[in-house]
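> Sending over query-v4.cif (mmCIF, C-alpha atoms).
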```
data_coords
loop_
_atom_site.label_atom_id
_atom_site.label_comp_id
_atom_site.auth_asym_id
_atom_site.auth_seq_id
_atom_site.Cartn_x
_atom_site.Cartn_y
_atom_site.Cartn_z
CA MET A 1 -139.59 -64.82 10.24
CA ALA A 2 -137.90 -66.56 13.15
CA THR A 3 -140.31 -68.26 15.51
CA PRO A 4 -139.74 -70.96 18.12
CA ASN A 5 -141.69 -73.34 15.84
CA THR A 6 -139.31 -72.89 12.93
CA PRO A 7 -135.73 -72.81 14.18
CA LEU A 8 -132.76 -71.96 12.00
CA TRP A 9 -130.81 -74.62 10.05
CA GLU A 10 -127.45 -74.35 8.31
CA ILE A 11 -127.35 -75.95 4.88
CA PHE A 12 -124.35 -77.65 3.30
CA ILE A 13 -124.31 -78.84 -0.31
CA ARG A 14 -121.90 -81.20 -2.02
CA SER A 15 -121.81 -80.23 -5.65
CA ARG A 16 -119.91 -83.22 -7.04
CA ASN A 17 -118.65 -86.60 -5.95
CA GLY A 18 -115.26 -86.26 -4.31
CA LEU A 19 -115.81 -82.68 -3.14
CA ALA A 20 -116.63 -81.67 0.40
CA HIS A 21 -120.02 -80.36 1.54
CA LYS A 22 -119.88 -76.57 1.50
CA HIS A 23 -121.94 -74.14 3.51
CA VAL A 24 -124.42 -72.38 1.22
CA GLY A 25 -126.74 -70.57 3.61
CA SER A 26 -129.43 -71.06 6.20
CA LEU A 27 -133.19 -71.41 6.39
CA HIS A 28 -136.07 -71.83 8.81
CA ALA A 29 -137.91 -75.14 9.14
CA ALA A 30 -140.00 -76.94 11.73
CA ASP A 31 -137.86 -80.09 11.80
CA ALA A 32 -135.00 -81.91 10.10
CA THR A 33 -137.12 -83.47 7.33
CA LEU A 34 -138.70 -80.17 6.35
CA ALA A 35 -135.31 -78.48 6.54
CA LEU A 36 -133.97 -80.97 4.01
CA GLN A 37 -136.99 -80.42 1.75
CA ALA A 38 -136.69 -76.66 1.96
CA ALA A 39 -132.96 -76.87 1.26
CA ARG A 40 -133.68 -78.90 -1.86
CA ASP A 41 -136.14 -76.27 -3.07
CA ILE A 42 -134.04 -73.24 -2.18
CA TYR A 43 -130.44 -74.27 -2.79
CA THR A 44 -130.50 -76.95 -5.51
CA ARG A 45 -132.92 -75.42 -8.02
CA ARG A 46 -130.18 -74.91 -10.61
CA GLY A 47 -128.57 -78.31 -10.30
CA GLU A 48 -126.09 -77.21 -7.64
CA GLY A 49 -125.95 -80.38 -5.67
CA LEU A 50 -125.86 -84.15 -5.27
CA SER A 51 -126.09 -84.22 -1.48
CA ILE A 52 -127.49 -81.98 1.25
CA TRP A 53 -126.68 -81.70 4.94
CA ALA A 54 -129.00 -79.77 7.24
CA VAL A 55 -127.54 -78.95 10.65
CA PRO A 56 -129.39 -77.15 13.47
CA SER A 57 -127.74 -73.73 13.73
CA ASN A 58 -127.63 -73.99 17.50
CA ALA A 59 -125.47 -77.13 17.18
CA ILE A 60 -122.66 -75.02 15.75
CA THR A 61 -120.00 -73.73 18.09
CA ALA A 62 -118.64 -70.51 16.62
CA SER A 63 -115.52 -68.54 17.38
CA ASP A 64 -116.02 -65.19 19.04
CA PRO A 65 -115.43 -62.27 16.64
CA SER A 66 -114.01 -60.19 19.49
CA GLU A 67 -111.26 -62.76 19.93
CA LYS A 68 -110.08 -62.65 16.37
CA GLY A 69 -106.84 -60.92 17.34
CA MET A 70 -105.82 -63.72 19.66
CA MET A 71 -107.22 -66.45 17.44
CA PHE A 72 -106.01 -65.48 13.98
CA GLU A 73 -103.44 -62.70 13.98
CA PRO A 74 -100.55 -64.85 15.24
CA ALA A 75 -100.77 -66.88 12.01
CA GLU A 76 -100.30 -63.84 9.83
CA SER A 77 -96.57 -63.48 10.67
CA LYS A 78 -95.75 -67.14 10.01
CA ILE A 79 -95.20 -66.84 6.30
CA TYR A 80 -92.92 -69.92 6.39
CA ARG A 81 -95.98 -72.08 6.91
CA HIS A 82 -96.96 -71.49 3.30
CA PRO A 83 -95.30 -74.07 1.09
CA THR A 84 -93.94 -71.43 -1.29
CA PHE A 85 -90.27 -71.81 -0.41
CA TYR A 86 -89.80 -75.10 -2.16
CA ASP A 87 -89.06 -75.70 -5.82
CA VAL A 88 -91.50 -78.25 -7.09
CA PRO A 89 -90.05 -80.40 -9.90
CA ASP A 90 -91.98 -80.04 -13.16
CA GLU A 91 -92.65 -83.79 -13.29
CA VAL A 92 -94.81 -83.50 -10.19
CA GLY A 93 -97.34 -81.41 -12.07
CA HIS A 94 -100.16 -79.77 -10.17
CA MET A 95 -100.23 -80.47 -6.48
CA MET B 96 -159.91 -55.81 -28.41
CA ALA B 97 -160.63 -59.33 -27.33
CA THR B 98 -159.42 -62.33 -29.30
CA ALA B 99 -161.69 -65.15 -30.35
CA SER B 100 -161.06 -68.64 -28.99
CA ILE B 101 -159.46 -71.26 -31.20
CA SER B 102 -161.20 -74.42 -32.26
CA VAL B 103 -159.56 -77.76 -31.52
CA SER B 104 -159.94 -81.06 -33.37
CA GLU B 105 -160.19 -83.35 -30.39
CA THR B 106 -159.15 -86.68 -31.79
CA PRO B 107 -158.54 -89.20 -28.99
CA LEU B 108 -154.80 -88.56 -28.80
CA VAL B 109 -155.16 -84.75 -28.98
CA LEU B 110 -157.85 -84.83 -26.31
CA TYR B 111 -155.73 -87.11 -24.17
CA ALA B 112 -152.70 -84.82 -24.32
CA LEU B 113 -154.85 -81.73 -23.68
CA ARG B 114 -156.46 -83.28 -20.62
CA ARG B 115 -153.09 -84.02 -19.04
CA ALA B 116 -151.66 -80.68 -20.16
CA ASP B 117 -154.64 -78.84 -18.65
CA ASP B 118 -154.17 -80.76 -15.38
CA ALA B 119 -150.57 -79.59 -15.25
CA LEU B 120 -151.27 -75.99 -16.28
CA ILE B 121 -154.18 -75.43 -13.92
CA SER B 122 -152.54 -77.02 -10.88
CA GLY B 123 -149.28 -75.22 -11.71
CA HIS B 124 -151.15 -71.92 -11.97
CA ARG B 125 -152.83 -72.51 -8.62
CA LEU B 126 -149.41 -73.07 -7.03
CA SER B 127 -148.09 -69.91 -8.69
CA GLU B 128 -150.87 -67.96 -6.95
CA TRP B 129 -149.03 -68.63 -3.67
CA CYS B 130 -145.96 -66.76 -4.91
CA GLY B 131 -145.38 -63.99 -2.38
CA HIS B 132 -148.21 -65.23 -0.14
CA ALA B 133 -146.98 -68.52 1.34
CA PRO B 134 -146.80 -68.88 5.15
CA MET B 135 -143.01 -68.68 5.07
CA LEU B 136 -140.32 -67.79 2.57
CA GLU B 137 -139.09 -71.39 2.33
CA GLU B 138 -142.56 -72.65 1.37
CA ASP B 139 -142.99 -69.80 -1.07
CA MET B 140 -139.95 -71.06 -2.97
CA ALA B 141 -141.06 -74.69 -2.73
CA LEU B 142 -144.56 -73.99 -4.09
CA ALA B 143 -143.22 -71.87 -6.95
CA ASN B 144 -140.72 -74.62 -7.80
CA MET B 145 -143.46 -77.20 -7.98
CA GLY B 146 -145.64 -74.86 -10.01
CA LEU B 147 -142.80 -74.60 -12.51
CA ASP B 148 -142.46 -78.41 -12.65
CA LEU B 149 -146.12 -78.58 -13.63
CA LEU B 150 -145.82 -75.74 -16.13
CA GLY B 151 -142.98 -77.64 -17.77
CA GLN B 152 -145.15 -80.74 -18.03
CA ALA B 153 -147.95 -78.65 -19.52
CA ARG B 154 -145.68 -77.19 -22.19
CA GLU B 155 -144.49 -80.60 -23.35
CA LEU B 156 -148.00 -82.01 -23.46
CA TYR B 157 -149.46 -78.97 -25.26
CA SER B 158 -146.64 -79.08 -27.80
CA TYR B 159 -147.31 -82.74 -28.41
CA ALA B 160 -151.05 -82.10 -28.78
CA ALA B 161 -150.27 -79.36 -31.30
CA LYS B 162 -147.98 -81.66 -33.27
CA VAL B 163 -150.54 -84.47 -33.35
CA GLU B 164 -153.41 -82.13 -34.22
CA ALA B 165 -151.36 -80.37 -36.94
CA LYS B 166 -153.87 -77.53 -37.37
CA GLY B 167 -151.52 -74.64 -36.63
CA ASN B 168 -152.26 -74.48 -32.90
CA ASP B 169 -149.39 -74.32 -30.45
CA GLU B 170 -148.79 -74.43 -26.71
CA ASP B 171 -149.60 -70.73 -26.26
CA LYS B 172 -152.85 -70.92 -28.20
CA PHE B 173 -153.98 -73.95 -26.20
CA ALA B 174 -153.24 -72.17 -22.95
CA TYR B 175 -154.41 -68.64 -23.76
CA LEU B 176 -157.09 -68.98 -26.40
CA ARG B 177 -159.44 -71.68 -25.21
CA ASP B 178 -162.61 -70.92 -23.32
CA VAL B 179 -163.48 -72.46 -19.98
CA ARG B 180 -165.70 -75.06 -21.66
CA GLN B 181 -162.76 -76.14 -23.82
CA TYR B 182 -160.59 -76.88 -20.79
CA ARG B 183 -160.29 -80.57 -19.91
CA ASN B 184 -158.60 -80.58 -16.51
CA LEU B 185 -159.75 -82.44 -13.42
CA LEU B 186 -162.17 -80.49 -11.22
CA LEU B 187 -159.92 -81.19 -8.25
CA LEU B 188 -157.10 -79.10 -9.66
CA GLU B 189 -159.11 -75.94 -10.32
CA GLN B 190 -160.37 -75.77 -6.73
CA PRO B 191 -159.18 -72.56 -5.06
CA ASN B 192 -156.10 -72.55 -2.87
CA GLY B 193 -158.10 -71.75 0.25
CA ASP B 194 -155.85 -72.00 3.29
CA PHE B 195 -152.49 -73.79 3.23
CA ALA B 196 -154.14 -77.06 4.29
CA HIS B 197 -156.53 -76.95 1.31
CA THR B 198 -153.66 -76.45 -1.10
CA MET B 199 -151.62 -79.22 0.48
CA VAL B 200 -154.50 -81.70 0.47
CA ARG B 201 -155.33 -80.90 -3.16
CA GLN B 202 -151.68 -81.39 -4.21
CA PHE B 203 -151.42 -84.51 -2.06
CA PHE B 204 -154.46 -86.20 -3.62
CA TYR B 205 -153.22 -85.34 -7.10
CA ALA B 206 -149.52 -86.09 -6.61
CA ALA B 207 -150.32 -89.49 -5.10
CA PHE B 208 -152.25 -90.23 -8.30
CA ALA B 209 -149.94 -88.55 -10.82
CA ASP B 210 -146.84 -90.26 -9.46
CA LEU B 211 -148.46 -93.67 -10.01
CA TYR B 212 -149.97 -92.60 -13.30
CA TRP B 213 -146.79 -91.31 -14.94
CA ARG B 214 -144.81 -94.26 -13.65
CA ALA B 215 -147.29 -96.57 -15.41
CA MET B 216 -147.23 -94.35 -18.51
CA MET B 217 -143.48 -94.89 -18.88
CA ARG B 218 -144.50 -98.14 -20.59
CA SER B 219 -146.73 -96.34 -23.10
CA SER B 220 -146.34 -97.52 -26.69
CA ASP B 221 -146.18 -93.83 -27.65
CA PRO B 222 -142.51 -92.84 -27.24
CA THR B 223 -143.24 -89.12 -26.71
CA LEU B 224 -145.74 -89.81 -23.94
CA ALA B 225 -143.37 -92.36 -22.39
CA ALA B 226 -140.60 -89.75 -22.32
CA ILE B 227 -142.86 -87.09 -20.80
CA ALA B 228 -143.96 -89.68 -18.24
CA ALA B 229 -140.38 -90.49 -17.25
CA LYS B 230 -139.64 -86.83 -16.53
CA SER B 231 -142.96 -86.13 -14.83
CA GLU B 232 -142.81 -89.17 -12.57
CA LYS B 233 -139.69 -87.91 -10.78
CA GLU B 234 -141.26 -84.50 -10.29
CA MET B 235 -144.53 -85.90 -8.97
CA ALA B 236 -142.68 -88.28 -6.63
CA TYR B 237 -141.19 -85.22 -4.96
CA HIS B 238 -144.53 -83.35 -4.92
CA LEU B 239 -146.01 -86.37 -3.16
CA ARG B 240 -143.22 -86.46 -0.62
CA HIS B 241 -143.49 -82.72 0.03
CA SER B 242 -147.27 -82.71 0.46
CA SER B 243 -147.24 -85.95 2.50
CA GLU B 244 -144.84 -84.45 5.03
CA TRP B 245 -147.13 -81.45 5.38
CA ILE B 246 -150.29 -83.55 5.72
CA VAL B 247 -148.67 -85.43 8.63
CA ARG B 248 -147.55 -82.20 10.33
CA LEU B 249 -150.83 -80.39 9.81
CA GLY B 250 -152.95 -83.34 10.90
CA ASP B 251 -150.76 -84.30 13.83
CA GLY B 252 -149.98 -80.67 14.69
CA THR B 253 -152.14 -78.27 16.63
CA GLU B 254 -155.88 -78.49 17.16
CA GLU B 255 -156.38 -75.77 14.56
CA SER B 256 -154.09 -77.29 11.92
CA HIS B 257 -155.77 -80.66 12.45
CA ALA B 258 -159.23 -79.15 12.01
CA ARG B 259 -158.20 -77.25 8.87
CA ALA B 260 -156.58 -80.33 7.31
CA GLN B 261 -159.64 -82.47 8.04
CA THR B 262 -161.95 -79.82 6.55
CA ALA B 263 -159.80 -79.72 3.41
CA ILE B 264 -159.96 -83.50 3.05
CA ASP B 265 -163.74 -83.47 3.50
CA ASP B 266 -164.17 -80.60 1.01
CA LEU B 267 -161.99 -82.07 -1.73
CA TRP B 268 -162.78 -85.77 -1.40
CA ALA B 269 -165.67 -85.74 -3.89
CA PHE B 270 -163.32 -84.50 -6.63
CA THR B 271 -160.89 -87.43 -6.36
CA GLY B 272 -163.02 -90.00 -8.22
CA GLU B 273 -162.63 -88.18 -11.53
CA MET B 274 -158.93 -89.06 -11.60
CA PHE B 275 -159.78 -92.72 -12.11
CA SER B 276 -162.43 -92.45 -14.80
CA ALA B 277 -161.91 -92.93 -18.53
CA ASP B 278 -164.44 -92.19 -21.30
CA ASP B 279 -164.76 -93.92 -24.68
CA SER B 280 -162.25 -91.61 -26.30
CA GLU B 281 -159.60 -92.55 -23.75
CA ARG B 282 -160.67 -96.18 -23.73
CA ALA B 283 -159.52 -96.47 -27.37
CA LEU B 284 -156.03 -95.31 -26.37
CA ILE B 285 -155.97 -97.67 -23.39
CA ASP B 286 -156.86 -100.60 -25.65
CA ALA B 287 -154.07 -99.56 -28.03
CA GLY B 288 -151.46 -99.50 -25.23
CA ILE B 289 -150.95 -95.74 -25.62
CA ALA B 290 -152.61 -94.81 -22.33
CA VAL B 291 -153.00 -96.71 -19.07
CA ASP B 292 -156.33 -97.35 -17.39
CA PRO B 293 -156.40 -95.02 -14.38
CA ALA B 294 -158.98 -97.25 -12.68
CA GLY B 295 -156.23 -99.83 -12.20
CA LEU B 296 -154.32 -97.40 -10.00
CA HIS B 297 -157.08 -96.73 -7.50
CA THR B 298 -156.18 -99.47 -5.01
CA GLN B 299 -152.55 -98.39 -4.79
CA TRP B 300 -153.55 -94.70 -4.58
CA LEU B 301 -155.95 -95.41 -1.73
CA LYS B 302 -153.26 -97.38 0.07
CA THR B 303 -150.75 -94.53 -0.30
CA ILE B 304 -153.04 -91.79 0.92
CA SER B 305 -154.59 -93.93 3.67
CA GLY B 306 -151.16 -94.52 5.19
CA VAL B 307 -150.32 -90.82 5.28
CA VAL B 308 -153.78 -89.78 6.48
CA ALA B 309 -153.64 -92.35 9.30
CA GLU B 310 -150.18 -91.17 10.37
CA ALA B 311 -151.59 -87.63 10.36
CA THR B 312 -154.40 -88.77 12.71
CA LEU B 313 -156.89 -87.63 10.07
CA ALA B 314 -159.71 -89.61 8.47
CA LEU B 315 -160.89 -90.15 4.91
CA PRO B 316 -164.62 -89.55 4.33
CA LYS B 317 -166.86 -92.57 3.98
CA SER B 318 -168.81 -91.06 1.08
CA ASN B 319 -168.34 -92.68 -2.31
CA TRP B 320 -170.26 -90.04 -4.27
CA MET B 321 -167.92 -88.45 -6.76
CA GLN B 322 -168.29 -85.32 -8.89
CA GLN B 323 -167.34 -85.60 -12.58
CA GLY B 324 -167.29 -83.10 -15.41
CA GLY B 325 -163.88 -81.48 -15.85
CA ARG B 326 -162.74 -83.97 -18.48
CA SER B 327 -165.66 -82.96 -20.72
CA GLY B 328 -165.48 -79.23 -20.03
CA GLN B 329 -168.14 -78.92 -17.32
CA HIS B 330 -166.27 -77.01 -14.69
CA SER B 331 -166.89 -75.47 -11.30
CA GLU B 332 -167.31 -71.70 -11.19
CA HIS B 333 -163.69 -71.32 -10.11
CA LEU B 334 -162.02 -72.15 -13.42
CA GLY B 335 -163.52 -69.19 -15.29
CA HIS B 336 -162.04 -66.77 -12.78
CA LEU B 337 -158.68 -68.49 -12.97
CA LEU B 338 -158.65 -68.31 -16.77
CA SER B 339 -159.73 -64.67 -16.88
CA GLU B 340 -156.55 -63.87 -14.99
CA LEU B 341 -154.33 -66.35 -16.81
CA GLN B 342 -155.53 -65.22 -20.25
CA SER B 343 -156.15 -61.51 -19.72
CA MET B 344 -152.95 -60.35 -21.41
CA GLN B 345 -153.30 -62.40 -24.61
CA ARG B 346 -157.02 -61.72 -24.82
CA THR B 347 -156.49 -57.96 -24.45
CA PHE B 348 -153.33 -57.61 -26.52
CA PRO B 349 -153.47 -60.49 -29.03
CA GLY B 350 -150.06 -61.84 -29.93
CA ALA B 351 -148.27 -59.54 -27.48
CA THR B 352 -144.69 -60.59 -26.76
CA TRP B 353 -141.92 -59.12 -24.63
#
```
Now that the file is in, can you turn its structure into structure tokens?

Amino acid sequence: MATPNTPLWEIFIRSRNGLAHKHVGSLHAADATLALQAARDIYTRRGEGLSIWAVPSNAITASDPSEKGMMFEPAESKIYRHPTFYDVPDEVGHM
Amino acid sequence: MATASISVSETPLVLYALRRADDALISGHRLSEWCGHAPMLEEDMALANMGLDLLGQARELYSYAAKVEAKGNDEDKFAYLRDVRQYRNLLLLEQPNGDFAHTMVRQFFYAAFADLYWRAMMRSSDPTLAAIAAKSEKEMAYHLRHSSEWIVRLGDGTEESHARAQTAIDDLWAFTGEMFSADDSERALIDAGIAVDPAGLHTQWLKTISGVVAEATLALPKSNWMQQGGRSGQHSEHLGHLLSELQSMQRTFPGATW
């Protein structure tokens, strides 16, 4: 239940060294320390993580869904931005 | 049809393992009672997690007691087929959940002890107990951190949360002394380097909890009178009710599995 005493936090988990923190969900907690504790108990119970970030949800600036045409559709017609037009020599291996 | 209780040959090492196993089972069961009832979903998950940590400790200790006793008992029989007077847990841990503050104070007093205790037990001359200690210590370190954070927030929170936390401390204080006592049976294991003397941990325990309680603007009672009895099977009225629920299935349908 959302109350002013327990604001919303966004939780990011890094599963392995070398990988980036990934958003896994959100939770309610009274402050940053309790948010980190709750994240540990909710999102790392099955060994999912080595590191947790808790970020106040209201610190996130989000794009407006109603602007998705302007924001994202122009990219859809720029197929040349995908690096699929180049032959990659076999010796390079996986990129 | 009800099932009769088992009998247990309580040699010092069997009794020792059962006492610690009962501590873990009973406190784990108390935490499991919060499942679906905690003040918020996040705490519900946290309390169930910690209950499962304790249940895991109980299983290892019961299994070890069964192996040492070698009389055909196993972890399930120890948990489901002993009467209240055969249980050896600390009185502190069978105390009812009460409000959230009572549960947190109970876990806080115990975790502050168990963290120190299992850390010391990692040097046990008994390799099985040392291994159980190494696993348990990490779990109890987190239980201590979790409960400490709540003690500070409850004590230094609202007028009502402060009052409830102080009441919980006052109510449960007399059950803390039992953690540091050792009878003759346990003394033999201490002398043999198998167990550690819990009395030696009291100063550090008091320092740990005093720091948190002071930060929480709460106070520890001045009284030194301490209730004993759990270690020898003399329990408060609460344990019988707990066991009747915990054991009802195996007592009613002996050997039932699913």
> The PyMOL selection byres ((chain B) within 10 of (chain A)) - which residues does that actually catch in the file I just gave you? List them as a PyMOL selection string.
chain B and resi 134-145+237+240-241+244-245+248
> Name every residue that the PyMOL selection byres ((chain A and resi 57-66) around 6) selects in this structure, writing the answer as a PDB file with C-alpha atoms, in the coordinates of the input with chains first and numbers rising.

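The resulting file, part.pdb, is shown below:
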```pdb
ATOM      1  CA  LEU A   8    -132.760 -71.960  12.000  1.00  0.00           C
ATOM      2  CA  TRP A   9    -130.810 -74.620  10.050  1.00  0.00           C
ATOM      3  CA  GLU A  10    -127.450 -74.350   8.310  1.00  0.00           C
ATOM      4  CA  PRO A  56    -129.390 -77.150  13.470  1.00  0.00           C
ATOM      5  CA  GLU A  67    -111.260 -62.760  19.930  1.00  0.00           C
ATOM      6  CA  LYS A  68    -110.080 -62.650  16.370  1.00  0.00           C
TER       7      LYS A  68
END
```
> Using all atoms listed in the file, tabulate the residues of range 227-305 of chain B lying at most 12 Å from any atom of range 186-200 of chain B, each with its closest atom pair and that distance in Å to one decimal, by chain and increasing residue number, as a tab-separated table.

```
residue	atom	partner	partner_atom	distance
B:His238	CA	B:Met199	CA	9.8
B:Leu239	CA	B:Met199	CA	9.8
B:Arg240	CA	B:Met199	CA	11.1
B:His241	CA	B:Met199	CA	8.9
B:Ser242	CA	B:Met199	CA	5.6
B:Ser243	CA	B:Met199	CA	8.3
B:Glu244	CA	B:Met199	CA	9.7
B:Trp245	CA	B:Met199	CA	7.0
B:Ile246	CA	B:Met199	CA	6.9
B:Val247	CA	B:Met199	CA	10.7
B:Arg248	CA	B:Ala196	CA	10.3
B:Leu249	CA	B:Ala196	CA	7.2
B:Gly250	CA	B:Ala196	CA	9.2
B:Gly252	CA	B:Ala196	CA	11.8
B:Glu255	CA	B:Ala196	CA	10.6
B:Ser256	CA	B:Ala196	CA	7.6
B:His257	CA	B:Ala196	CA	9.1
B:Ala258	CA	B:Ala196	CA	9.5
B:Arg259	CA	B:Ala196	CA	6.1
B:Ala260	CA	B:Ala196	CA	5.1
B:Gln261	CA	B:Ala196	CA	8.6
B:Thr262	CA	B:His197	CA	8.1
B:Ala263	CA	B:His197	CA	4.8
B:Ile264	CA	B:Val200	CA	6.3
B:Asp265	CA	B:Val200	CA	9.9
B:Asp266	CA	B:His197	CA	8.5
B:Leu267	CA	B:Leu187	CA	6.9
B:Trp268	CA	B:Leu187	CA	8.7
B:Ala269	CA	B:Leu187	CA	8.5
B:Phe270	CA	B:Leu187	CA	5.0
B:Thr271	CA	B:Leu187	CA	6.6
B:Gly272	CA	B:Leu187	CA	9.3
B:Glu273	CA	B:Leu186	CA	7.7
B:Met274	CA	B:Leu187	CA	8.6
B:Ile304	CA	B:Val200	CA	10.2
```
> How many Å separate CA of Gly350 in chain B from CA of Lys172 in chain B?
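Here the two named atoms are 9.7 Å from each other.
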> Run the PyMOL selection byres ((chain A and resi 22) around 10) mentally over the shown coordinates, then write out the matched residues as an MDAnalysis selection string, using the chain letters and numbers from the document.
chainID A and resid 11:15 19:21 23:25 52:53
> CA of Tyr159 in chain B and CA of Ala112 in chain B are how many Å apart?
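We find that CA of Tyr159 in chain B and CA of Ala112 in chain B lie 7.1 Å from each other.
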> CA of Leu50 in chain A to CA of Asn17 in chain A: how many Å, to one decimal?
7.6 Å
> Return as AutoDock Vina command-line options the centre and edge lengths, in Å with one decimal, of the box along x, y and z that encloses every atom of range 280-295 of chain B in the file, padded by 5 Å per side.

```
--center_x -156.6 --center_y -96.1 --center_z -20.1 --size_x 21.3 --size_y 19.0 --size_z 25.8
```
> Which residues are close to range 214-219 of chain B, i.e. within 8 Å by only C-alpha atoms, leaving aside same-chain residues fewer than 3 positions away? Reply as a list in words.
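Contacts, with the query itself left out: Asp210, Leu211, Pro222, Leu224, Ala225, Ala226, Ala228, Ala229, Glu232, Gly288, Ile289, Ala290 and Val291 of chain B.
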